[in-house]
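Q: This is entry-v2.txt (compact mmCIF, C-alpha atoms and all ligand atoms).
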# COMPACT_ATOMS: atom_id res chain seq x y z
CA MET A 224 -168.65 110.03 9.60
CA GLU A 225 -170.05 111.63 12.65
CA PHE A 226 -169.28 115.27 13.21
CA ALA A 227 -168.61 115.41 16.86
CA GLY A 228 -169.64 119.04 16.99
CA PHE A 229 -173.14 118.53 15.71
CA ASP A 230 -174.74 116.51 18.44
CA ARG A 231 -174.06 119.02 21.11
CA PRO A 232 -176.42 121.56 22.60
CA ARG A 233 -175.53 125.13 21.82
CA PRO A 234 -173.71 126.65 24.75
CA SER A 235 -175.91 129.40 26.07
CA GLY A 236 -173.03 131.64 27.00
CA GLY A 237 -171.10 131.46 23.73
CA THR A 238 -167.37 130.82 23.53
CA LEU A 239 -166.44 132.80 26.58
CA THR A 240 -167.85 130.27 28.99
CA ALA A 241 -167.24 127.10 26.99
CA THR A 242 -164.63 125.01 28.75
CA ALA A 243 -163.07 121.69 27.89
CA LEU A 244 -161.13 119.89 30.61
CA LYS A 245 -158.50 117.26 29.94
CA ILE A 246 -157.83 114.00 31.72
CA LEU A 247 -154.93 111.87 30.53
CA VAL A 248 -154.96 108.10 30.47
CA ALA A 249 -151.40 106.79 30.52
CA GLY A 250 -149.61 103.49 30.96
CA GLY A 251 -147.67 100.85 29.05
CA PHE A 252 -148.58 99.26 25.76
CA GLY A 253 -151.63 96.99 25.95
CA VAL A 254 -152.57 97.99 29.49
CA GLY A 255 -156.08 99.09 28.51
CA LYS A 256 -155.85 102.82 27.72
CA THR A 257 -157.90 102.68 24.53
CA THR A 258 -160.36 100.35 26.22
CA MET A 259 -160.87 102.69 29.16
CA VAL A 260 -161.45 105.74 26.98
CA GLY A 261 -163.91 103.78 24.83
CA THR A 262 -165.80 102.44 27.84
CA ILE A 263 -166.71 105.83 29.22
CA SER A 264 -166.87 108.10 26.17
CA GLU A 265 -170.26 109.31 24.96
CA ILE A 266 -168.92 109.40 21.42
CA ARG A 267 -167.50 106.54 19.48
CA PRO A 268 -163.87 106.71 20.57
CA LEU A 269 -162.23 108.90 18.02
CA HIS A 270 -158.68 108.81 17.10
CA THR A 271 -156.68 111.12 15.01
CA GLU A 272 -153.65 109.90 13.14
CA GLU A 273 -151.00 112.36 14.03
CA LEU A 274 -148.46 113.24 11.41
CA LEU A 275 -145.06 114.06 12.70
CA SER A 276 -142.31 115.86 10.92
CA ASP A 277 -138.88 116.34 12.36
CA ARG A 278 -139.31 118.83 15.10
CA GLY A 279 -137.94 122.27 14.58
CA VAL A 280 -137.38 121.69 10.90
CA GLY A 281 -138.83 124.51 8.85
CA VAL A 282 -141.09 123.03 6.28
CA ASP A 283 -142.37 126.04 4.43
CA ASP A 284 -139.07 126.39 2.65
CA VAL A 285 -139.25 122.88 1.27
CA SER A 286 -140.47 123.06 -2.26
CA GLY A 287 -143.36 120.75 -3.00
CA VAL A 288 -144.21 118.13 -0.47
CA GLU A 289 -142.66 117.90 2.97
CA ARG A 290 -140.05 115.16 2.81
CA LYS A 291 -139.54 114.21 6.41
CA VAL A 292 -143.10 113.28 7.25
CA ALA A 293 -143.52 109.56 7.53
CA THR A 294 -144.65 108.79 11.05
CA THR A 295 -148.18 108.59 12.30
CA VAL A 296 -149.33 108.02 15.83
CA ALA A 297 -152.87 107.27 16.90
CA LEU A 298 -154.11 109.58 19.61
CA ASP A 299 -157.38 108.32 20.96
CA PHE A 300 -159.75 110.44 22.90
CA GLY A 301 -163.27 110.42 24.25
CA ARG A 302 -165.70 112.99 25.52
CA ILE A 303 -168.09 113.35 28.43
CA THR A 304 -170.51 116.28 28.47
CA ILE A 305 -170.80 117.65 31.99
CA ARG A 306 -172.93 120.71 31.29
CA GLN A 307 -173.96 122.48 28.13
CA ASP A 308 -170.75 124.47 28.22
CA LEU A 309 -168.43 122.09 30.06
CA TRP A 310 -166.84 118.98 28.58
CA LEU A 311 -164.43 116.44 29.92
CA TYR A 312 -161.98 114.98 27.40
CA LEU A 313 -160.07 111.79 28.01
CA PHE A 314 -156.87 111.46 26.03
CA GLY A 315 -155.01 108.18 25.80
CA THR A 316 -151.34 109.10 25.74
CA PRO A 317 -149.22 107.60 23.00
CA GLY A 318 -147.17 104.76 24.48
CA GLN A 319 -143.96 104.89 22.50
CA ASP A 320 -141.00 106.74 23.93
CA ARG A 321 -140.38 108.85 20.87
CA PHE A 322 -143.74 110.55 21.33
CA TRP A 323 -142.97 111.92 24.76
CA PHE A 324 -143.05 115.45 23.49
CA MET A 325 -146.76 115.04 22.81
CA TRP A 326 -147.29 114.42 26.50
CA ASP A 327 -146.20 117.93 27.36
CA GLU A 328 -148.91 119.33 25.17
CA LEU A 329 -151.51 116.90 26.47
CA ALA A 330 -150.61 117.54 30.09
CA LEU A 331 -150.67 121.31 29.84
CA GLY A 332 -153.61 122.55 31.88
CA ALA A 333 -154.92 119.03 32.47
CA LEU A 334 -157.14 118.30 35.44
CA GLY A 335 -155.23 115.12 36.19
CA ALA A 336 -154.20 111.70 34.94
CA VAL A 337 -155.04 108.04 35.30
CA VAL A 338 -151.99 105.77 35.20
CA LEU A 339 -153.09 102.29 34.21
CA ALA A 340 -150.99 99.45 35.54
CA ASP A 341 -150.85 95.71 34.97
CA THR A 342 -149.42 93.77 37.92
CA ARG A 343 -147.76 91.32 35.52
CA ARG A 344 -145.66 94.14 34.09
CA LEU A 345 -145.76 96.81 36.71
CA ALA A 346 -142.57 98.49 35.55
CA ASP A 347 -144.35 99.60 32.37
CA CYS A 348 -146.13 102.30 34.36
CA PHE A 349 -142.99 103.79 35.96
CA PRO A 350 -142.27 106.33 33.20
CA ALA A 351 -145.80 107.72 33.45
CA VAL A 352 -145.66 107.89 37.25
CA ASP A 353 -142.29 109.69 37.10
CA TYR A 354 -143.61 112.10 34.53
CA PHE A 355 -146.72 113.13 36.46
CA GLU A 356 -144.86 113.33 39.76
CA GLN A 357 -142.33 115.65 38.20
CA LEU A 358 -145.08 117.76 36.69
CA LYS A 359 -146.99 117.80 39.98
CA LEU A 360 -150.10 116.80 38.06
CA PRO A 361 -152.60 114.97 40.29
CA PHE A 362 -152.90 111.31 39.28
CA VAL A 363 -154.27 108.00 40.46
CA VAL A 364 -152.89 104.56 39.72
CA ALA A 365 -155.57 102.19 38.43
CA VAL A 366 -154.61 98.53 38.37
CA ASN A 367 -156.37 96.89 35.45
CA CYS A 368 -157.38 93.46 36.70
CA PHE A 369 -156.96 91.41 33.56
CA ASP A 370 -157.59 88.16 35.37
CA GLY A 371 -160.93 89.43 36.60
CA ALA A 372 -160.12 88.72 40.23
CA ARG A 373 -159.79 91.72 42.48
CA ARG A 374 -157.20 89.99 44.57
CA HIS A 375 -154.38 92.42 44.08
CA ASP A 376 -153.24 94.32 47.12
CA PRO A 377 -153.23 98.10 46.60
CA GLY A 378 -150.66 98.47 49.37
CA LYS A 379 -148.27 96.14 47.58
CA VAL A 380 -148.68 98.05 44.33
CA ARG A 381 -148.09 101.32 46.15
CA ARG A 382 -144.82 100.05 47.62
CA ALA A 383 -143.68 98.43 44.38
CA VAL A 384 -144.26 101.62 42.41
CA GLY A 385 -142.88 103.80 45.20
CA LEU A 386 -145.93 106.05 45.48
CA ASP A 387 -146.39 108.48 48.32
CA GLU A 388 -149.22 107.92 50.76
CA THR A 389 -151.54 110.48 49.21
CA THR A 390 -151.66 109.07 45.68
CA PRO A 391 -154.73 106.84 45.38
CA VAL A 392 -154.39 103.28 44.10
CA ILE A 393 -157.53 101.57 42.86
CA MET A 394 -158.37 98.25 41.23
CA CYS A 395 -160.37 98.48 38.02
CA ASP A 396 -161.68 96.76 34.94
CA ALA A 397 -161.21 99.06 31.98
CA ARG A 398 -164.06 97.36 30.13
CA ASN A 399 -166.55 98.07 32.88
CA ARG A 400 -168.37 101.38 32.90
CA SER A 401 -169.07 101.66 36.61
CA SER A 402 -165.50 100.65 37.37
CA VAL A 403 -164.17 103.43 35.08
CA LYS A 404 -166.60 105.89 36.68
CA GLU A 405 -165.17 104.93 40.04
CA VAL A 406 -161.62 105.60 38.81
CA LEU A 407 -162.55 109.01 37.40
CA THR A 408 -164.45 109.95 40.54
CA MET A 409 -161.41 109.07 42.61
CA LEU A 410 -159.14 111.14 40.36
CA VAL A 411 -161.36 114.23 40.42
CA THR A 412 -161.80 113.99 44.18
CA HIS A 413 -158.04 113.64 44.61
CA ALA A 414 -157.32 116.58 42.28
CA MET A 415 -159.79 118.69 44.22
CA GLU A 416 -158.10 117.85 47.51
CA VAL A 417 -154.53 118.55 46.44
CA ARG A 418 -155.04 121.67 44.38
CA MET B 162 -141.03 109.94 3.08
CA THR B 163 -141.40 106.18 2.89
CA ASP B 164 -141.79 104.48 -0.45
CA ASP B 165 -144.72 102.32 0.58
CA ASP B 166 -147.73 104.58 0.46
CA PRO B 167 -147.07 108.27 0.27
CA GLY B 168 -150.42 108.92 -1.42
CA PRO B 169 -152.52 110.03 1.54
CA LEU B 170 -149.75 112.12 2.99
CA ILE B 171 -149.22 113.91 -0.28
CA ARG B 172 -152.92 114.62 -0.46
CA LEU B 173 -152.91 115.99 3.06
CA TYR B 174 -149.96 118.23 2.45
CA GLY B 175 -151.58 119.33 -0.76
CA LEU B 176 -154.44 120.51 1.43
CA THR B 177 -152.16 122.66 3.50
CA GLY B 178 -149.93 123.78 0.67
CA GLY B 179 -147.07 121.67 1.98
CA ARG B 180 -147.18 123.12 5.47
CA ALA B 181 -146.79 120.58 8.26
CA ARG B 182 -147.66 122.86 11.12
CA PRO B 183 -149.38 126.19 11.57
CA GLN B 184 -147.44 129.40 11.68
CA GLY B 185 -147.37 130.98 15.10
CA GLU B 186 -148.62 129.22 18.19
CA ALA B 187 -149.90 125.66 18.12
CA PHE B 188 -153.49 125.60 19.24
CA ASP B 189 -154.16 123.49 22.31
CA LEU B 190 -156.17 120.33 21.77
CA VAL B 191 -158.97 121.77 23.84
CA ALA B 192 -158.80 125.38 22.65
CA ILE B 193 -162.32 126.38 21.67
CA VAL B 194 -162.93 127.22 18.02
CA ALA B 195 -165.94 129.30 17.03
CA THR B 196 -167.02 130.53 13.62
CA VAL B 197 -167.39 134.29 13.82
CA HIS B 198 -167.86 135.24 10.16
CA LEU B 199 -168.84 133.57 6.95
CA PRO B 200 -166.45 133.98 4.03
CA GLN B 201 -167.03 136.80 1.55
CA GLU B 202 -164.99 135.13 -1.17
CA PRO B 203 -165.77 131.42 -1.10
CA SER B 204 -163.28 130.45 -3.77
CA VAL B 205 -160.19 130.97 -1.62
CA LEU B 206 -161.30 128.26 0.77
CA ASN B 207 -161.17 124.52 0.19
CA PRO B 208 -163.98 122.15 1.21
CA GLU B 209 -162.23 121.29 4.47
CA HIS B 210 -162.20 124.95 5.46
CA HIS B 211 -165.94 125.09 4.86
CA THR B 212 -166.47 121.95 6.91
CA ILE B 213 -164.62 123.56 9.80
CA LEU B 214 -166.77 126.68 9.57
CA ARG B 215 -169.85 124.48 9.67
CA ILE B 216 -168.67 122.41 12.64
CA CYS B 217 -167.65 125.49 14.59
CA ARG B 218 -170.97 127.28 14.35
CA ARG B 219 -171.14 125.61 17.72
CA PRO B 220 -168.00 126.35 19.72
CA THR B 221 -165.93 123.18 19.44
CA PRO B 222 -162.59 122.08 20.87
CA VAL B 223 -159.74 121.62 18.38
CA ALA B 224 -159.58 117.84 18.99
CA ASP B 225 -163.24 117.48 18.01
CA VAL B 226 -162.68 119.56 14.90
CA ALA B 227 -159.87 117.21 13.82
CA ALA B 228 -162.01 114.18 14.56
CA GLY B 229 -164.98 115.65 12.69
CA LEU B 230 -162.79 116.35 9.68
CA GLY B 231 -161.09 112.98 9.90
CA LEU B 232 -157.77 114.76 9.48
CA PRO B 233 -154.56 114.71 11.50
CA LEU B 234 -154.25 117.27 14.22
CA ASN B 235 -151.42 119.23 12.69
CA VAL B 236 -153.17 119.45 9.33
CA THR B 237 -156.30 120.65 11.13
CA ARG B 238 -154.23 123.25 12.92
CA VAL B 239 -152.85 124.60 9.68
CA LEU B 240 -156.38 124.95 8.31
CA LEU B 241 -157.54 126.61 11.54
CA GLY B 242 -154.64 129.02 11.26
CA ASP B 243 -155.80 129.96 7.75
CA LEU B 244 -159.32 130.62 8.97
CA ARG B 245 -158.16 132.69 11.87
CA ARG B 246 -155.94 134.78 9.63
CA GLU B 247 -159.01 135.43 7.48
CA GLY B 248 -160.89 136.50 10.61
CA LEU B 249 -163.46 133.74 10.16
CA VAL B 250 -162.92 131.85 13.40
CA SER B 251 -161.92 132.73 16.93
CA ILE B 252 -159.70 130.33 18.84
CA THR B 253 -159.79 130.68 22.60
CA PRO B 254 -156.96 128.90 24.44
CA PRO B 255 -157.91 127.08 27.63
CA LYS B 256 -157.27 128.89 30.86
CA PRO B 257 -154.66 127.40 33.18
CA ALA B 258 -156.17 124.55 35.19
CA ASN B 259 -155.99 126.45 38.47
CA GLN B 260 -158.15 129.20 36.97
CA SER B 261 -160.57 127.18 34.89
CA ILE B 262 -161.22 124.53 37.52
CA ASP B 263 -162.77 126.07 40.60
CA GLU B 264 -164.59 124.31 43.40
CA ARG B 265 -167.90 124.47 41.59
CA THR B 266 -166.44 123.02 38.40
CA TYR B 267 -164.95 120.08 40.32
CA ARG B 268 -168.33 119.41 41.90
CA ASP B 269 -170.09 119.64 38.55
CA VAL B 270 -167.59 117.23 37.04
CA LEU B 271 -168.08 114.75 39.89
CA HIS B 272 -171.82 115.03 39.53
CA GLY B 273 -171.57 114.59 35.77
CA ILE B 274 -169.48 111.43 36.11
CA ARG B 275 -171.85 109.93 38.65
CA ARG B 276 -174.80 110.57 36.36
CA LEU B 277 -173.28 108.68 33.41
N1 LIG A 501 -159.31 90.78 30.50
C1 LIG A 501 -159.18 92.10 30.31
N2 LIG A 501 -158.76 92.52 29.09
C2 LIG A 501 -158.63 93.85 28.89
C3 LIG A 501 -158.95 94.80 29.91
N3 LIG A 501 -158.70 96.04 29.41
C4 LIG A 501 -158.25 95.86 28.16
N4 LIG A 501 -158.23 94.55 27.83
C5 LIG A 501 -157.79 93.98 26.53
O1 LIG A 501 -156.38 94.19 26.44
C6 LIG A 501 -156.01 94.52 25.11
C7 LIG A 501 -155.24 95.83 25.06
O2 LIG A 501 -156.07 96.90 25.47
P1 LIG A 501 -155.93 98.35 24.85
O3 LIG A 501 -157.04 99.17 25.43
O4 LIG A 501 -155.85 98.32 23.37
O5 LIG A 501 -154.54 98.82 25.44
P2 LIG A 501 -153.68 100.14 25.15
O6 LIG A 501 -152.52 99.74 24.33
O7 LIG A 501 -153.24 100.61 26.51
O8 LIG A 501 -154.57 101.12 24.46
C8 LIG A 501 -157.30 94.56 24.31
O9 LIG A 501 -157.42 93.34 23.62
C9 LIG A 501 -158.37 94.68 25.37
O10 LIG A 501 -159.57 94.10 24.95
C10 LIG A 501 -159.41 94.30 31.18
O11 LIG A 501 -159.70 95.05 32.11
N5 LIG A 501 -159.51 92.95 31.33
MG MG A 502 -154.24 102.06 22.59
Using the file provided, produce a representation of the structure as structure tokens.

A:
Amino acid sequence: MEFAGFDRPRPSGGTLTATALKILVAGGFGVGKTTMVGTISEIRPLHTEELLSDRGVGVDDVSGVERKVATTVALDFGRITIRQDLWLYLFGTPGQDRFWFMWDELALGALGAVVLADTRRLADCFPAVDYFEQLKLPFVVAVNCFDGARRHDPGKVRRAVGLDETTPVIMCDARNRSSVKEVLTMLVTHAMEVR
Amino acid sequence: MTDDDPGPLIRLYGLTGGRARPQGEAFDLVAIVATVHLPQEPSVLNPEHHTILRICRRPTPVADVAAGLGLPLNVTRVLLGDLRREGLVSITPPKPANQSIDERTYRDVLHGIRRL
């Protein structure tokens, strides 16, 4: 197993200047979130199986082994090193509704989000769009062109999703590195403009 | 607990003494962990604690620590909480985005993405 911490240059300024920025990759099941993170990450896309116990239940008073824990959720993430002391982390948000509470943690302090959409099931991206709008977190909508043809009309998608004029809509192929770079560039530029 | 395969979960909770989440605050996924001291009394730590101390000789975000350990996030957080209580690691929470991301940082990020 690769220790992600080992292949990294030592930050010259120590912990005080080390900064990790978060970008979220959201969207419905099977829309290409894991693919997108894997395409751009400099490390093998890592995922951590998250163990969930019932929230708010004290567990220290349970003798022996925690009883409620049975659920795991895969949280995949990738990393891009920007400078010696500055990293960009991409987190694929868990798709299932019951893991919404994890989004709050992921979104806290995030630079922005990519909402992946599939024109065949556009409604799957609505919850993510609603969530980021409510949070006022800058986001872009990236339409993953599964059919390979870039014939979708961004304007149509914008109207169908009910986006305001300022939120960028872009066509992409989550498997293609330069396409994912383009999406991230658009997000960062957008975040910079609206902040 | 399901009947199917509780084995790994039991092992994990054995690691943390049955604790599912750390006491006190939950560390952010991108909080930076740094080893600040080496243990005086090695026997109180388990191998996973030592692995963390090794990983975090270079300041490392919590998510990377979990990935490096191959352990769930919440289990990793419990172990990090232990180490912090022992004064062996520092855990620096990320600054709010509007403070940590200034104009220069945005430009560096854009440049970094282009260079990939
Ligand atoms: N044709 C095509 N297939 C894709 C694209 N992106 C992802 N896929 C495939 O769609 C499936 C689901 O993608 P995945 O990344 O696992 O979706 P997730 O559930 O959002 O993480 C996988 O089999 C991918 O290989 C794309 O841009 N074009
Ligand atoms: Mg996935």

Q: For Val338 of chain A, please output as a PyMOL selection string all residues within 10 Å (counting only C-alpha atoms; exclusion window: fewer than 4 positions along the same chain).

A: chain A and resi 247-251+254+256+348-352+355+362-367+392

Q: Please, what distance in Å, to one decimal, runs between atom CA of Gly273 of chain B and atom CA of Ile305 of chain A?

A: 4.9 Å

Q: Point out the residue among B:Gln201, B:Asn207, B:Thr196, B:Thr266 with the least atom-to-atom distance to Leu240 of chain B, counting all atoms listed in the file.

A: B:Asn207

Q: Applying 12 Å and only C-alpha atoms, which residues near Arg265 of chain B remain after dropping the ones on its own chain fewer than 5 positions away? List them as an mmCIF file with C-alpha atoms, keeping the file's coordinate frame.

A:
data_model
loop_
_atom_site.group_PDB
_atom_site.id
_atom_site.type_symbol
_atom_site.label_atom_id
_atom_site.label_comp_id
_atom_site.auth_asym_id
_atom_site.auth_seq_id
_atom_site.Cartn_x
_atom_site.Cartn_y
_atom_site.Cartn_z
ATOM 1 C CA LEU A 309 -168.430 122.090 30.060
ATOM 2 C CA MET A 415 -159.790 118.690 44.220
ATOM 3 C CA GLN B 260 -158.150 129.200 36.970
ATOM 4 C CA VAL B 270 -167.590 117.230 37.040
ATOM 5 C CA LEU B 271 -168.080 114.750 39.890
ATOM 6 C CA HIS B 272 -171.820 115.030 39.530
#

Q: What is the atom CA of Glu416 of chain A to atom CA of Leu311 of chain A distance in Å?

A: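 Atom CA of Leu311 of chain A lies at a distance of 18.7 Å from atom CA of Glu416 of chain A.
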
Q: For ligand LIG 501 (chain A), collect every residue having any atom at a distance of at most 7 Å from a ligand atom (counting all atoms listed in the file); output as a PDB file with C-alpha atoms, in the frame of the given file.

A:
ATOM      1  CA  GLY A 250    -149.610 103.490  30.960  1.00  0.00           C
ATOM      2  CA  GLY A 251    -147.670 100.850  29.050  1.00  0.00           C
ATOM      3  CA  PHE A 252    -148.580  99.260  25.760  1.00  0.00           C
ATOM      4  CA  GLY A 253    -151.630  96.990  25.950  1.00  0.00           C
ATOM      5  CA  VAL A 254    -152.570  97.990  29.490  1.00  0.00           C
ATOM      6  CA  GLY A 255    -156.080  99.090  28.510  1.00  0.00           C
ATOM      7  CA  LYS A 256    -155.850 102.820  27.720  1.00  0.00           C
ATOM      8  CA  THR A 257    -157.900 102.680  24.530  1.00  0.00           C
ATOM      9  CA  THR A 258    -160.360 100.350  26.220  1.00  0.00           C
ATOM     10  CA  MET A 259    -160.870 102.690  29.160  1.00  0.00           C
ATOM     11  CA  ASN A 367    -156.370  96.890  35.450  1.00  0.00           C
ATOM     12  CA  CYS A 368    -157.380  93.460  36.700  1.00  0.00           C
ATOM     13  CA  PHE A 369    -156.960  91.410  33.560  1.00  0.00           C
ATOM     14  CA  ASP A 370    -157.590  88.160  35.370  1.00  0.00           C
ATOM     15  CA  GLY A 371    -160.930  89.430  36.600  1.00  0.00           C
ATOM     16  CA  CYS A 395    -160.370  98.480  38.020  1.00  0.00           C
ATOM     17  CA  ASP A 396    -161.680  96.760  34.940  1.00  0.00           C
ATOM     18  CA  ALA A 397    -161.210  99.060  31.980  1.00  0.00           C
ATOM     19  CA  ARG A 398    -164.060  97.360  30.130  1.00  0.00           C
TER      20      ARG A 398
END

Q: Could you check how far atom CA of Ala258 of chain B sits from atom CA of Gly242 of chain B, in Å to one decimal?

A: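 Separating atom CA of Ala258 of chain B from atom CA of Gly242 of chain B is a distance of 24.4 Å.
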
Q: From the list A:Lys379, A:Leu358, A:Thr390, A:Thr242, which residue is nearest Asp308 of chain A when using all atoms listed in the file?

A: A:Thr242

Q: Could you check which of B:Ile213, B:Ala224, B:Leu232, B:Ala187 is closest to Leu244 of chain B, using all atoms listed in the file?

A: B:Ile213

Q: Would you kindly return, as an MDAnalysis selection string, each protein, DNA or RNA residue with an atom no farther than 9 Å from any atom of segment 330-332 of chain A, considering all atoms listed in the file and excluding same-chain residues fewer than 3 positions away?

A: (chainID A and resid 244:247 325:327 335:336 355 358 360) or (chainID B and resid 189 255:259 261)

Q: Under the rule that all atoms listed in the file are counted, which of A:Phe314, A:Arg302, A:Ile266, A:Gln307 is the nearest residue to ligand MG 502 (chain A)?

A: A:Phe314

Q: For chain A, which residue among B:Val197, B:Leu241, B:Leu234, B:Leu206 is the nearest when counting all atoms listed in the file?

A: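 Of B:Val197, B:Leu241, B:Leu234, B:Leu206, the one nearest chain A, counting all atoms listed in the file, is B:Leu234.
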
Q: Of the residues A:Thr240, A:Asp299, A:His413, A:Ile263, which is the one nearest to ligand MG 502 (chain A), using all atoms listed in the file?

A: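 Closest residue, counting all atoms listed in the file: A:Asp299.
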
Q: In the coordinates of the file, take the point (-165.6, 127.4, 18.4) and a cut-off of 7 Å; then, counting all atoms listed in the file, name each qualifying protein, DNA or RNA residue as a PyMOL selection string.

A: (chain A and resi 238) or (chain B and resi 193-196+217-222+251-252)

Q: I want to know what sits within 10 Å of Glu265 of chain A, based on all atoms listed in the file, with residues of the same chain fewer than 3 positions away left out; could you give that as a PDB file with C-alpha atoms, in the coordinates of the input?

A:
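The resulting part-v7.pdb:
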ATOM      1  CA  VAL A 260    -161.450 105.740  26.980  1.00  0.00           C
ATOM      2  CA  GLY A 261    -163.910 103.780  24.830  1.00  0.00           C
ATOM      3  CA  THR A 262    -165.800 102.440  27.840  1.00  0.00           C
ATOM      4  CA  PRO A 268    -163.870 106.710  20.570  1.00  0.00           C
ATOM      5  CA  GLY A 301    -163.270 110.420  24.250  1.00  0.00           C
ATOM      6  CA  ARG A 302    -165.700 112.990  25.520  1.00  0.00           C
ATOM      7  CA  ILE A 303    -168.090 113.350  28.430  1.00  0.00           C
ATOM      8  CA  THR A 304    -170.510 116.280  28.470  1.00  0.00           C
TER       9      THR A 304
ATOM     10  CA  LEU B 277    -173.280 108.680  33.410  1.00  0.00           C
TER      11      LEU B 277
END
